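Structure file coords-v2.txt with compact mmCIF, C-alpha atoms:
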# COMPACT_ATOMS: atom_id res chain seq x y z
CA MET F 89 96.03 108.47 145.64
CA SER F 90 97.05 106.19 142.78
CA ARG F 91 94.88 108.07 140.30
CA ALA F 92 96.92 111.25 140.91
CA HIS F 93 99.90 109.69 139.19
CA ARG F 94 99.63 108.98 135.48
CA ALA F 95 102.45 107.92 133.19
CA PRO F 96 103.72 110.84 131.07
CA ALA F 97 102.92 111.10 127.37
CA PRO F 98 105.85 109.77 125.30
CA PRO F 99 107.61 111.87 122.65
CA GLY F 100 108.26 110.95 119.01
CA ALA F 101 107.36 107.65 117.40
CA LEU F 102 108.99 104.37 116.47
CA GLY F 103 111.87 105.03 114.05
CA VAL F 104 111.83 108.80 114.70
CA ALA F 105 114.53 110.58 116.71
CA ALA F 106 112.69 112.75 119.24
CA GLU F 107 113.97 116.24 120.03
CA PRO F 108 116.43 116.48 122.95
CA ALA F 109 114.18 118.84 124.95
CA GLU F 110 111.22 116.45 124.60
CA LEU F 111 113.32 113.48 125.68
CA LEU F 112 114.71 115.33 128.69
CA ALA F 113 111.20 116.33 129.80
CA TYR F 114 109.93 112.79 129.28
CA LEU F 115 112.78 111.19 131.22
CA THR F 116 112.29 113.65 134.07
CA ASP F 117 108.54 113.03 134.22
CA LEU F 118 109.02 109.28 133.86
CA GLN F 119 111.45 109.17 136.78
CA GLY F 120 108.93 111.13 138.86
CA TRP F 121 106.14 108.77 137.83
CA LEU F 122 108.24 105.73 138.75
CA ASP F 123 108.94 107.07 142.24
CA ALA F 124 105.32 108.08 142.89
CA ARG F 125 103.84 104.92 141.41
CA ARG F 126 106.21 102.70 143.39
CA ALA F 127 105.18 104.44 146.61
CA ASP F 128 101.52 103.83 145.70
CA LEU F 129 102.17 100.18 144.89
CA ASP F 130 104.04 99.61 148.13
CA ARG F 131 101.05 100.98 150.09
CA LEU F 132 98.67 98.90 147.99
CA ASP F 133 100.84 95.84 148.57
CA ALA F 134 100.69 96.39 152.32
CA ALA F 135 96.91 96.79 152.18
CA ALA F 136 96.60 93.64 150.04
CA ARG F 137 98.61 91.63 152.57
CA GLN F 138 96.33 92.79 155.34
CA SER F 139 93.24 91.83 153.32
CA GLY F 140 94.56 88.31 152.75
CA ALA F 141 92.81 88.08 149.35
CA GLU F 142 94.91 85.95 147.01
CA ALA F 143 93.34 87.45 143.87
CA VAL F 144 94.28 90.95 145.01
CA THR F 145 97.81 89.81 145.82
CA ALA F 146 98.17 88.38 142.32
CA ASP F 147 97.09 91.72 140.85
CA VAL F 148 99.66 93.52 143.01
CA VAL F 149 102.36 91.18 141.70
CA LEU F 150 101.32 91.97 138.13
CA ALA F 151 101.39 95.71 138.81
CA LEU F 152 104.85 95.44 140.38
CA THR F 153 106.04 93.35 137.42
CA LEU F 154 104.86 96.05 135.04
CA TRP F 155 106.51 98.75 137.16
CA GLN F 156 109.80 96.85 137.18
CA ALA F 157 109.68 96.41 133.39
CA VAL F 158 109.25 100.18 133.01
CA ARG F 159 112.02 100.79 135.56
CA THR F 160 114.45 98.54 133.66
CA ARG F 161 113.64 100.11 130.30
CA THR F 162 113.96 103.61 131.82
CA ASP F 163 117.45 102.73 133.05
CA GLU F 164 118.34 101.75 129.48
CA LEU F 165 116.97 105.07 128.22
CA VAL F 166 119.05 107.00 130.74
CA GLU F 167 122.15 105.11 129.65
CA VAL F 168 121.57 105.91 125.97
CA TRP F 169 120.67 109.52 126.83
CA ASP F 170 124.16 109.82 128.35
CA SER F 171 123.44 113.03 130.27
CA GLY F 172 122.20 114.78 127.12
CA ARG F 173 125.08 113.73 124.85
CA ALA F 174 122.84 111.45 122.73
CA ASP F 175 123.17 112.22 119.00
CA ALA F 176 120.48 111.64 116.37
CA VAL F 177 121.31 107.93 116.09
CA ALA F 178 121.15 107.49 119.87
CA ARG F 179 117.88 109.44 120.06
CA GLU F 180 116.39 107.17 117.41
CA ARG F 181 117.53 104.24 119.54
CA MET F 182 115.70 105.86 122.47
CA SER F 183 112.52 105.99 120.40
CA GLN F 184 112.94 102.27 119.76
CA LEU F 185 113.32 101.68 123.51
CA ILE F 186 110.18 103.74 124.23
CA TRP F 187 107.91 102.33 121.54
CA GLY F 188 109.42 98.88 120.89
CA ARG F 189 108.62 95.68 122.73
CA LEU F 190 110.01 95.11 126.20
CA GLY F 191 110.66 91.40 125.75
CA GLY F 192 111.84 89.31 128.71
CA ASP F 193 109.07 88.43 131.17
CA PRO F 194 106.10 86.77 129.40
CA ALA F 195 103.77 89.22 131.19
CA THR F 196 105.42 92.17 129.44
CA SER F 197 107.15 90.71 126.38
CA LEU F 198 104.63 92.05 123.85
CA LEU F 199 104.19 95.42 125.53
CA SER F 200 106.08 98.63 124.89
CA LEU F 201 107.24 100.90 127.71
CA VAL F 202 104.22 103.08 126.96
CA ASP F 203 101.80 100.14 127.16
CA ALA F 204 103.38 98.79 130.35
CA ALA F 205 103.15 102.16 132.11
CA ARG F 206 99.51 102.62 131.08
CA LEU F 207 98.66 99.09 132.18
CA CYS F 208 100.46 99.67 135.48
CA ASP F 209 98.27 102.76 136.01
CA ALA F 210 95.14 100.75 135.21
CA GLN F 211 96.16 97.98 137.61
CA ALA F 212 96.87 100.48 140.39
CA ASP F 213 93.47 102.14 139.86
CA GLN F 214 91.71 98.79 140.06
CA LEU F 215 93.61 97.77 143.19
CA ALA F 216 92.99 101.10 144.90
CA THR F 217 89.26 100.77 144.32
CA ARG F 218 89.05 97.14 145.40
CA LEU F 219 91.01 97.84 148.57
CA SER F 220 89.12 101.10 149.21
CA PHE F 221 92.54 102.68 149.48
CA ASP F 222 91.74 105.60 147.17
CA PRO F 223 90.06 108.45 149.07
CA HIS F 224 87.81 109.00 146.04
CA ALA F 225 86.34 105.53 146.52
CA ALA F 226 84.02 106.65 149.31
CA ASP F 227 82.52 109.49 147.25
CA VAL F 228 79.95 108.25 144.72
CA THR F 229 80.17 111.40 142.58
CA ALA F 230 83.95 111.18 142.46
CA ARG F 231 83.70 107.46 141.71
CA PHE F 232 81.38 108.22 138.82
CA ARG F 233 83.97 110.67 137.48
CA ALA F 234 86.72 108.06 137.83
CA VAL F 235 84.55 105.45 136.11
CA ALA F 236 83.83 107.82 133.22
CA ALA F 237 87.55 108.56 132.87
CA GLY F 238 88.29 104.84 132.83
CA ILE F 239 85.74 104.32 130.06
CA VAL F 240 87.36 107.10 128.02
CA ARG F 241 90.75 105.42 128.41
CA ALA F 242 89.20 102.11 127.41
CA GLU F 243 87.71 103.80 124.32
CA ASP F 244 91.16 105.13 123.39
CA ALA F 245 92.62 101.65 123.75
CA ALA F 246 89.78 100.19 121.67
CA LEU F 247 90.57 102.63 118.85
CA ALA F 248 94.04 101.11 118.63
CA THR F 249 92.68 97.57 118.23
CA ALA F 250 90.17 98.51 115.48
CA ASP F 251 88.03 95.58 116.67
CA THR F 252 84.23 95.91 116.67
CA GLU F 253 83.97 93.51 119.63
CA ASP F 254 86.17 95.84 121.69
CA ASP F 255 83.98 98.80 120.71
CA ALA F 256 80.92 96.83 121.77
CA ALA F 257 82.51 95.97 125.14
CA VAL F 258 83.16 99.66 125.84
CA ALA F 259 79.61 100.54 124.77
CA ARG F 260 78.24 98.03 127.28
CA LEU F 261 80.28 99.68 130.02
CA ARG F 262 78.80 103.06 129.09
CA ASP F 263 75.29 101.58 129.24
CA ARG F 264 75.98 100.17 132.71
CA LEU F 265 77.24 103.56 133.88
CA SER F 266 74.12 105.29 132.53
CA ARG F 267 71.85 102.83 134.33
CA LEU F 268 73.75 103.25 137.60
CA LYS F 269 73.50 107.03 137.36
CA ALA F 270 69.76 106.72 136.81
CA ASP F 271 69.46 104.38 139.80
CA ALA F 272 71.53 106.73 141.96
CA ALA F 273 69.33 109.67 140.92
CA ARG F 274 66.22 107.92 142.25
CA GLY F 275 67.96 107.03 145.51
CA ALA F 276 68.87 103.37 144.97
CA ASP F 277 71.85 101.79 146.74
CA ILE F 278 74.44 101.32 143.99
CA THR F 279 77.45 100.51 146.15
CA GLY F 280 77.75 96.90 144.98
CA PRO F 281 76.97 97.44 141.28
CA LEU F 282 79.31 100.45 141.15
CA GLY F 283 82.17 98.42 142.61
CA ALA F 284 81.49 95.68 140.06
CA LEU F 285 81.51 98.26 137.26
CA GLU F 286 84.80 99.69 138.51
CA ASP F 287 86.33 96.22 138.40
CA SER F 288 84.91 95.59 134.92
CA ILE F 289 86.29 98.88 133.59
CA ALA F 290 89.74 98.29 135.05
CA ARG F 291 89.80 94.75 133.67
CA THR F 292 88.53 95.89 130.25
CA GLU F 293 91.07 98.70 130.08
CA ARG F 294 93.83 96.27 130.97
CA ASP F 295 92.68 93.73 128.38
CA LEU F 296 92.37 96.39 125.68
CA ILE F 297 95.86 97.75 126.35
CA VAL F 298 97.26 94.24 125.97
CA HIS F 299 95.10 93.60 122.89
CA ALA F 300 96.29 96.86 121.32
CA ALA F 301 99.91 95.97 122.03
CA ARG F 302 99.44 92.55 120.47
CA SER F 303 97.71 94.09 117.45
CA ARG F 304 100.59 96.51 116.92
CA ALA F 305 103.09 93.69 117.34
CA LEU F 306 101.19 91.62 114.77
CA VAL F 307 101.18 94.51 112.29
CA LYS F 308 104.92 95.05 112.76
CA ASP F 309 105.66 91.33 112.43
CA ARG F 310 103.61 91.14 109.25
CA GLU F 311 105.35 94.20 107.80
CA ARG F 312 108.74 92.60 108.50
CA ALA F 313 107.55 89.34 106.94
CA VAL F 314 106.36 91.17 103.80
CA ALA F 315 109.69 93.02 103.57
CA LEU F 316 111.68 89.80 103.97
CA ARG F 317 109.53 87.99 101.42
CA THR F 318 110.11 90.84 98.93
CA THR F 319 113.85 90.79 99.60
CA LEU F 320 114.04 87.04 99.03
CA ALA F 321 111.96 87.27 95.86
CA ASP F 322 114.25 90.02 94.54
CA ARG F 323 117.32 87.97 95.43
CA ALA F 324 116.28 84.91 93.44
CA PRO F 325 117.05 86.25 89.90
CA GLY F 326 120.57 87.23 90.93
CA LEU F 327 121.14 83.79 92.40
CA ALA F 328 119.89 82.21 89.19
CA GLN F 329 122.41 84.24 87.17
CA VAL F 330 125.27 83.22 89.47
CA ALA F 331 124.20 79.59 89.27
CA GLU F 332 124.02 79.73 85.47
CA ARG F 333 127.46 81.31 85.23
CA CYS F 334 128.91 78.67 87.56
CA ARG F 335 127.39 75.84 85.51
CA ARG F 336 128.77 77.39 82.35
CA GLU F 337 132.29 78.20 83.56
CA ILE F 338 133.07 75.45 86.11
CA ALA F 339 133.37 71.73 85.48
CA ASN F 340 131.28 69.57 87.82
CA PRO F 341 129.37 72.51 89.35
CA PRO F 342 126.98 72.15 92.33
CA ARG F 343 123.48 70.92 91.54
CA LEU F 344 121.28 72.97 93.81
CA ALA F 345 117.87 74.43 93.00
CA ILE F 346 117.12 78.10 93.61
CA PRO F 347 114.50 78.35 96.43
CA ASP F 348 111.20 79.83 95.23
CA VAL F 349 109.68 81.98 97.96
CA SER F 350 106.47 82.44 95.97
CA ARG F 351 105.58 78.84 96.80
CA LEU F 352 104.91 79.96 100.38
CA GLY F 353 101.95 82.04 99.20
CA ASP F 354 100.90 85.43 100.53
CA VAL F 355 101.86 86.61 104.02
CA PRO F 356 98.99 85.66 106.39
CA ALA F 357 97.41 88.09 108.84
CA GLU F 358 96.64 85.60 111.67
CA HIS F 359 99.20 85.36 114.48
CA ASP F 360 99.68 81.58 114.53
CA ARG F 361 99.86 81.28 110.74
CA LEU F 362 102.21 84.26 110.57
CA THR F 363 104.56 82.66 113.09
CA THR F 364 104.76 79.50 110.97
CA TYR F 365 105.15 81.57 107.80
CA VAL F 366 108.07 83.55 109.26
CA GLN F 367 109.78 80.29 110.23
CA ARG F 368 109.43 79.08 106.64
CA LEU F 369 110.77 82.39 105.34
CA GLY F 370 113.79 81.87 107.56
CA ALA F 371 114.30 78.40 106.08
CA VAL F 372 114.13 79.86 102.54
CA GLU F 373 116.62 82.57 103.49
CA ARG F 374 119.08 80.01 104.88
CA ALA F 375 118.64 77.84 101.78
CA MET F 376 119.41 80.84 99.56
CA GLU F 377 122.57 81.53 101.54
CA ARG F 378 123.68 77.91 101.07
CA VAL F 379 122.95 78.10 97.35
CA GLU F 380 124.83 81.38 97.01
CA ASP F 381 127.85 80.01 98.88
CA ALA F 382 127.82 76.82 96.82
CA TYR F 383 127.79 78.59 93.43
CA THR F 384 130.05 81.53 94.25
CA ALA F 385 132.78 79.46 95.94
CA PRO F 386 134.05 77.82 92.68
CA LEU F 387 133.99 81.14 90.81
CA ARG F 388 135.79 82.83 93.67
CA GLU F 389 138.43 80.09 93.82
CA ARG F 390 139.04 80.39 90.08
CA ALA F 391 139.61 84.15 90.45
CA GLU F 392 141.89 83.60 93.44
CA LEU F 393 143.96 81.03 91.50
CA ARG F 394 144.39 83.47 88.61
CA TYR F 395 145.61 86.14 91.01
CA ARG F 396 147.93 83.60 92.65
CA VAL F 397 149.47 82.70 89.27
CA LYS F 398 150.00 86.40 88.55
CA LYS F 399 151.73 86.89 91.92
CA LEU F 400 153.89 83.81 91.38
CA MET F 401 155.10 85.11 88.01
CA THR F 402 155.89 88.48 89.60
CA LYS F 403 157.99 86.59 92.12
CA ALA F 404 159.65 84.64 89.29
CA GLN F 405 160.64 87.86 87.55
CA GLY F 406 162.16 89.11 90.77
CA ASN F 407 164.29 86.03 91.45
CA GLY F 408 165.23 85.37 87.82
CA ARG F 409 163.15 82.21 87.43
CA ALA F 410 160.81 83.74 84.85
CA ALA F 411 163.24 82.99 82.00
CA SER F 412 163.29 79.27 82.83
CA SER F 413 161.60 77.14 80.17
CA THR F 414 160.27 74.91 82.93
CA VAL F 415 158.67 77.86 84.68
CA LYS F 416 157.24 79.13 81.38
CA ALA F 417 155.74 75.73 80.68
CA GLY F 418 154.32 75.59 84.21
CA GLU F 419 152.76 79.03 83.75
CA ASP F 420 151.22 78.00 80.44
CA GLU F 421 149.71 74.88 81.98
CA ALA F 422 148.26 76.80 84.89
CA ARG F 423 146.80 79.57 82.72
CA GLU F 424 145.44 77.12 80.17
CA ALA F 425 143.67 75.17 82.93
CA LEU F 426 142.25 78.37 84.43
CA ASP F 427 141.10 79.80 81.09
CA ALA F 428 139.40 76.60 79.99
CA THR F 429 135.60 76.66 79.86
CA PRO F 430 134.41 74.83 81.77
CA CYS F 431 137.33 75.08 84.19
CA ASP F 432 138.46 71.95 86.02
CA LEU F 433 139.31 73.49 89.37
CA ALA F 434 141.13 70.41 90.65
CA LEU F 435 143.43 70.47 87.63
CA ALA F 436 143.90 74.25 87.83
CA ARG F 437 144.71 73.99 91.50
CA HIS F 438 147.28 71.25 90.78
CA PHE F 439 149.07 73.30 88.11
CA THR F 440 149.06 76.42 90.30
CA GLU F 441 150.66 74.52 93.18
CA GLN F 442 153.15 73.05 90.73
CA LEU F 443 154.03 76.57 89.51
CA GLU F 444 154.56 77.66 93.09
CA THR F 445 157.15 74.93 93.44
CA LEU F 446 158.83 75.92 90.19
CA VAL F 447 159.28 79.59 91.05
CA ARG F 448 160.84 78.99 94.46
CA ASP F 449 164.07 80.85 95.13
CA LEU F 450 167.12 78.77 94.20
CA PRO F 451 170.01 78.27 96.63
CA GLU F 452 172.86 80.80 96.24
CA GLY F 453 175.14 78.39 94.40
CA HIS F 454 172.51 77.49 91.75
CA ARG F 455 171.50 80.96 90.60

For this file, write the structure as structure tokens.
Amino acid sequence: MSRAHRAPAPPGALGVAAEPAELLAYLTDLQGWLDARRADLDRLDAAARQSGAEAVTADVVLALTLWQAVRTRTDELVEVWDSGRADAVARERMSQLIWGRLGGDPATSLLSLVDAARLCDAQADQLATRLSFDPHAADVTARFRAVAAGIVRAEDAALATADTEDDAAVARLRDRLSRLKADAARGADITGPLGALEDSIARTERDLIVHAARSRALVKDRERAVALRTTLADRAPGLAQVAERCRREIANPPRLAIPDVSRLGDVPAEHDRLTTYVQRLGAVERAMERVEDAYTAPLRERAELRYRVKKLMTKAQGNGRAASSTVKAGEDEAREALDATPCDLALARHFTEQLETLVRDLPEGHR
């Protein structure tokens, strides 16, 4: 029964807004698959409890975990779909929800909705066979067809990993199937070996789906790391110019070095090394932000003080204080301090605050 229900083919691709009609059809089929698959899993769960086999129970838990992950992500899709009111931006978000990682539970964190549904199907097939719950299980010819279909799915998963070892594992399964067919043709009892092959195919398909998901995740992580490294490398010259300007125009400027991302080397392809590399990229990015803040802050304060002096003199013209020789002298001191190169910000700040005092409105009797 479980083999009658297969997860629907997803529309679009990551970063592409699928067409509304395709999304509606997919959501409808996905909801139907969830209902049918859950009914299958509940029956398999009941059969597993009766069998008392702990290994089978663990596989049922994994299948239910995968189903729940798909259920949760489907609910998110329905929310974004908003009864068909999703615009292009929302539909692109739906593609991200379909093809992006599920996160959360460690058992599903690296998988996409598509991967989790396929793996749930594979788990259900394996459980149905092991529990002899699937009516096809008693028919050798039908079981051969199911085994061949499982090998084809495993081949498809192996294509996504582009790993010669995975190709070899699938080839070995095909060889085992060929030998079993030959044994069956001459009348040998293949019940045990066929069951073992069914388990091997289900396990291989499951492993390949996970491997493919991890491979895709690694490729995406590496692409993001390359993009970030390029961004940081492009940012460095601009930071150097800001730092040089600050050293030239501001007295007692910060003394911070510009981080050099090239010292990290090329972006690695191995998962563990890539994880460490991304952490170091993050440290470089944070260091660049600190450097940028440190060198732009004095330049920004100088500009703000100049604007403040201008506003103060506008106020002085409005209240009649602009003609005062004291105010004129205060303005000259403030502007001279601000125009000096390098600029002593402490002194400029002092004269600006002094000017603010000088241009205050006078009491009525002193105007």

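Residue nearest Asp130 in chain F within the list F:Ile186, F:Glu311, F:Leu426, F:Val148: F:Val148 [criterion: smallest interatomic distance, all atoms listed in the file].
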
I'd like the contact shell of Leu316 in chain F - 12 Å cut-off, only C-alpha atoms, skipping same-chain residues fewer than 4 positions apart - returned as a count of residues only. 19

Selection: 7 Å around range 392-407 of chain F, all atoms listed in the file, excl. self and same-chain fewer than 5 positions, as a PyMOL selection string: chain F and resi 426+440+444+447+449

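Counting from CA of Glu293 in chain F, the distance to CA of Thr252 in chain F is 15.3 Å.
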
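The two atoms in question, CA of Val258 in chain F and CA of Ile297 in chain F, are spaced 12.9 Å apart.
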
Please identify all polymer residues within 10 Å of range 109-112 of chain F, counting all atoms listed in the file, omitting same-chain residues fewer than 4 positions from it, and present them as a PyMOL selection string. chain F and resi 98-100+105+116-118+165-166+169+171-172+179+182-183

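By chain and then residue number, the residues within 7 Å of range 338-343 of chain F are Ala382, Tyr383, Thr429, Pro430, Cys431 and Asp432 of chain F, counting only C-alpha atoms and disregarding those fewer than 6 positions away in sequence.
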
For the selection just defined, write its residues with C-alpha atoms to a file, as a compact mmCIF listing (two decimals), in the frame of the given file.
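So result.txt came out as:
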# COMPACT_ATOMS: atom_id res chain seq x y z
CA ALA F 382 127.82 76.82 96.82
CA TYR F 383 127.79 78.59 93.43
CA THR F 429 135.60 76.66 79.86
CA PRO F 430 134.41 74.83 81.77
CA CYS F 431 137.33 75.08 84.19
CA ASP F 432 138.46 71.95 86.02

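Taking CA of Asp254 in chain F and CA of Thr363 in chain F as the two end points, the separation is 24.2 Å.
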
From the list F:Arg336, F:Asp427, F:His359, F:Ala127, which residue is nearest Arg302 in chain F when using only C-alpha atoms? F:His359

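Selection around (118.9, 114.0, 118.9) with radius 8 Å, counting all atoms listed in the file, yields the residues F:Ala105, F:Ala106, F:Glu107, F:Pro108, F:Ala174, F:Asp175, F:Ala176, F:Val177, F:Ala178, F:Arg179, F:Glu180.
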
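Distances here use all atoms listed in the file; by that measure, the residue among F:Lys269, F:Arg291, F:Lys308, F:Arg335 closest to Arg231 in chain F is F:Lys269.
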
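Look at Leu261 in chain F: the protein and nucleic acid residues within 10 Å of it, using all atoms listed in the file and passing over chain neighbours fewer than 3 places away, are Val235, Ala236, Gly238, Ile239, Ala242, Ala256, Ala257, Val258, Arg264, Leu265, Ser266, Arg267, Leu285, Glu286, Ser288, Ile289 and Thr292 of chain F.
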
How close does range 210-290 of chain F get to range 150-153 of chain F? List, as a tab-separated table, each residue of range 210-290 of chain F within 10 Å, its nearest atom pair and the distance in Å to one decimal, counting only C-alpha atoms.
residue	atom	partner	partner_atom	distance
F:Ala210	CA	F:Ala151	CA	8.8
F:Gln211	CA	F:Ala151	CA	5.8
F:Ala212	CA	F:Ala151	CA	6.8
F:Leu215	CA	F:Ala151	CA	9.2

For the residues selected in the previous step, produce a file with C-alpha atoms as a compact mmCIF listing (two decimals), keeping the file's coordinate frame.
# COMPACT_ATOMS: atom_id res chain seq x y z
CA ALA F 210 95.14 100.75 135.21
CA GLN F 211 96.16 97.98 137.61
CA ALA F 212 96.87 100.48 140.39
CA LEU F 215 93.61 97.77 143.19
